[in-house]
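J.: Handing you a structure now.
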Amino acid sequence: MTQPVMSKPLVMLVAALALPVPALAQADSTKPPPPDLIPQLVARLDLERYKATIKGLTRFGDRRQGTDRNRAAVDWIEAQLRSYGCSDVLRLKYDYQPPAPRTAGGNPPPRDTSRASGGGRYRGIRARTGVNTDSLKQPDARLRALDTPPSVAGEREEVYCTKIGTTHADEMYIVGGHMDGIGWGEAANDDGSGTALVMELARVFSAPDVHTDRSIRFVLWNNEESGLNGSRAYVEQRRALQGSKEEPKWLGMIQHDMMLFDHGMPRADGTLAAVQRPEADVNIEFQSSSKFAAEAQQLAWVFHAANEKYATDYPASVGSHMTNTDSAPFQDVVPAISLRENERGTQIGAGWDPNWHQPTDLYTTYNDADFRLGLNAAQTTLAALAGLVGATIK
Ligand SMILES: [Zn+2]
């Protein structure tokens, strides 16, 4: 039987993304289409609110995992989520024991430094990258003192909440960012910017007049910087619970990690442009070697289309080398993508962000052109999700 409304690829796309097919199939009826409510939802995001949420997170310094300042930040995030009216605010608990330090005799296996992490290929000029471990490189004595207590091994917690769907509450998208940081700064960009984005989305979707067919879980991962331990713990503890009352079935996972800074490629002397480049973009990545590569790519293009239609300032680009963030533990279980200021492997890995894991990752380092890139990423995910979960305003 022929399908009069949808082409076969579209049907497959819709099936893969669990979009409600009947809703699309009704598009050819004589009734006018319902008004597009997504612009109203997107308008509920606001640059000053986004900045204030990032600033709130930077009050806890680098929020390094296993410290009091990290636990205080988790408490603050939880209080914010509750104030937004987000449902079922819960914590995932796990134990973290850092790996034993490498012994002097055991040389690490040689690494191919010509290939970027995630499988991409470096082009052009590369600048130095690394993690700052020198407290004295933080000139602000107050912040240096705040960031000083070291991480202690043991129990960890990370907080999440859920927008509960009205017709398919048992299916959900997982939307995440990591709240821990390193480097003797304030982790404003890495990853205060992604954490604030997820919190702002939780606020918009939790408004009493917003309804969704499917559910959305907002998760603020801990222990990303130590090796994705918080997201791995979530996958380990909850993967098998899918379909039970406790854990809706996972439809996809969307991660946000470093959303602010796209000043372009380093110059030959290793320096960067002082301001956001006008052609800055939101980089949406999937991993081409993952088990769900085809579905993840389709999901990435849904986000790209949402950006084109609804984001106010900056465009999006799709790439195939998602790596080194909390979507990785999900990538062989469900379609998973990440949103970032730059490609993680070929660009961040080539020194495009000089504040990455450095004492300069401070709220005051960034200006409105930078914060606006993060806001555009928020608009992109909000709009894409609103379509995927069937959001309405009543
Ligand atoms: Zn990060």
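Following the order of the structure tokens, chains are lettered A, B, ..., residues in each are numbered from 1, and ligands are numbered from 1.
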Using only C-alpha atoms and all ligand atoms, find each protein or nucleic acid residue lying at most 12 Å from ligand 1; present the set as a ChimeraX atom specification.

T.: /A:62,64,131,176-183,187-195,220-228,255-260,323-327,338-342,344,348,353,355-357,361

J.: Using only C-alpha atoms, determine which residues lie at most 9 Å from Val42 in chain A, disregarding the query and same-chain residues fewer than 6 positions distant; provide the list as a ChimeraX atom specification.

T.: /A:204,310-311,378-380,382-383

J.: So that I can see what lies close to Ser288 in chain A, please list as number ranges by chain the residues with an atom at most 8 Å from it, counting only C-alpha atoms and leaving out residues fewer than 4 positions away in the same chain.

T.: A: 293-294, 320-321

J.: Can you spit out the residues from that selection as a JSON list (two decimals), in the first residue's frame, using all heavy atoms?

T.:
[["chain", "number", "residue", "atom", "x", "y", "z"],
["A", 293, "ALA", "N", 24.78, 4.80, 15.28],
["A", 293, "ALA", "CA", 25.28, 5.93, 14.48],
["A", 293, "ALA", "C", 24.21, 6.46, 13.53],
["A", 293, "ALA", "O", 24.04, 7.68, 13.41],
["A", 293, "ALA", "CB", 26.52, 5.49, 13.70],
["A", 294, "ALA", "N", 23.49, 5.58, 12.85],
["A", 294, "ALA", "CA", 22.50, 6.04, 11.86],
["A", 294, "ALA", "C", 21.39, 6.83, 12.54],
["A", 294, "ALA", "O", 21.02, 7.92, 12.08],
["A", 294, "ALA", "CB", 21.93, 4.85, 11.10],
["A", 320, "SER", "N", 30.60, 14.14, 12.85],
["A", 320, "SER", "CA", 30.46, 12.70, 13.11],
["A", 320, "SER", "C", 31.43, 12.17, 14.16],
["A", 320, "SER", "O", 31.61, 10.96, 14.26],
["A", 320, "SER", "CB", 30.68, 11.94, 11.80],
["A", 320, "SER", "OG", 31.97, 12.22, 11.29],
["A", 321, "HIS", "N", 32.07, 13.07, 14.94],
["A", 321, "HIS", "CA", 33.13, 12.60, 15.84],
["A", 321, "HIS", "C", 32.88, 12.92, 17.31],
["A", 321, "HIS", "O", 33.80, 13.28, 18.05],
["A", 321, "HIS", "CB", 34.47, 13.19, 15.40],
["A", 321, "HIS", "CG", 34.83, 12.87, 13.99],
["A", 321, "HIS", "ND1", 34.97, 11.58, 13.54],
["A", 321, "HIS", "CD2", 35.06, 13.67, 12.91],
["A", 321, "HIS", "CE1", 35.28, 11.59, 12.25],
["A", 321, "HIS", "NE2", 35.33, 12.84, 11.84]]

J.: Using only C-alpha atoms, which residue out of A:Gly61, A:Arg115, A:Ala73, A:Ser206 lies closest to Val89 in chain A?

T.: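 Selected residue with least distance to Val89 in chain A: A:Ser206.
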
J.: Hey, which of A:Phe286, A:Val152, A:Val235, A:Lys31 ends up closest to Gln298 in chain A? Count only C-alpha atoms.

T.: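 Of A:Phe286, A:Val152, A:Val235, A:Lys31, the one nearest Gln298 in chain A, counting only C-alpha atoms, is A:Phe286.
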
J.: One decimal, in Å: what's the spacing between CA of Lys93 in chain A and CA of Asp75 in chain A?

T.: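 Distance reported for this atom pair: 13.8 Å.
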
J.: Which residues are near Asp213 in chain A? Cut-off 6 Å, only C-alpha atoms, ignore same chain within fewer than 5 positions. Put them as a PyMOL selection string.

T.: chain A and resi 165-168+389-390

J.: Pick out the closest residue to Gln97 in chain A from this set: A:Gly230, A:Gly264, A:Gly252, A:Pro39. Count only C-alpha atoms.

T.: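 Going through A:Gly230, A:Gly264, A:Gly252, A:Pro39 one by one, the smallest distance to Gln97 in chain A is for A:Gly230.
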
J.: Name the closest residue to Leu37 in chain A among the candidates A:Ala100, A:Val318, A:Val210, A:Trp184; distances are taken between atoms, counting only C-alpha atoms.

T.: A:Val210

J.: From a backbone DSSP assignment, name each residue in range 17-187 of chain A labelled helix (DSSP H, G or I), as a PyMOL selection string.

T.: chain A and resi 21-28+38-42+47-58+68-84+135-137+141-146

J.: So, counting only C-alpha atoms, which residue among A:Gln138, A:Ser289, A:Gln297, A:Asn307 is closest to Leu373 in chain A?

T.: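 Among the listed residues, the smallest separation from Leu373 in chain A belongs to A:Asn307.
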
J.: I need the residue nearest Ala305 in chain A from this list: A:Tyr122, A:Asp269, A:Ile284, A:Phe292. Use only C-alpha atoms for the distance.

T.: A:Ile284

J.: Which of range 4-195 of chain A end up as strand (DSSP E) when DSSP is run on this backbone - answer as a PyMOL selection string?

T.: chain A and resi 87-96+154-163+168-178
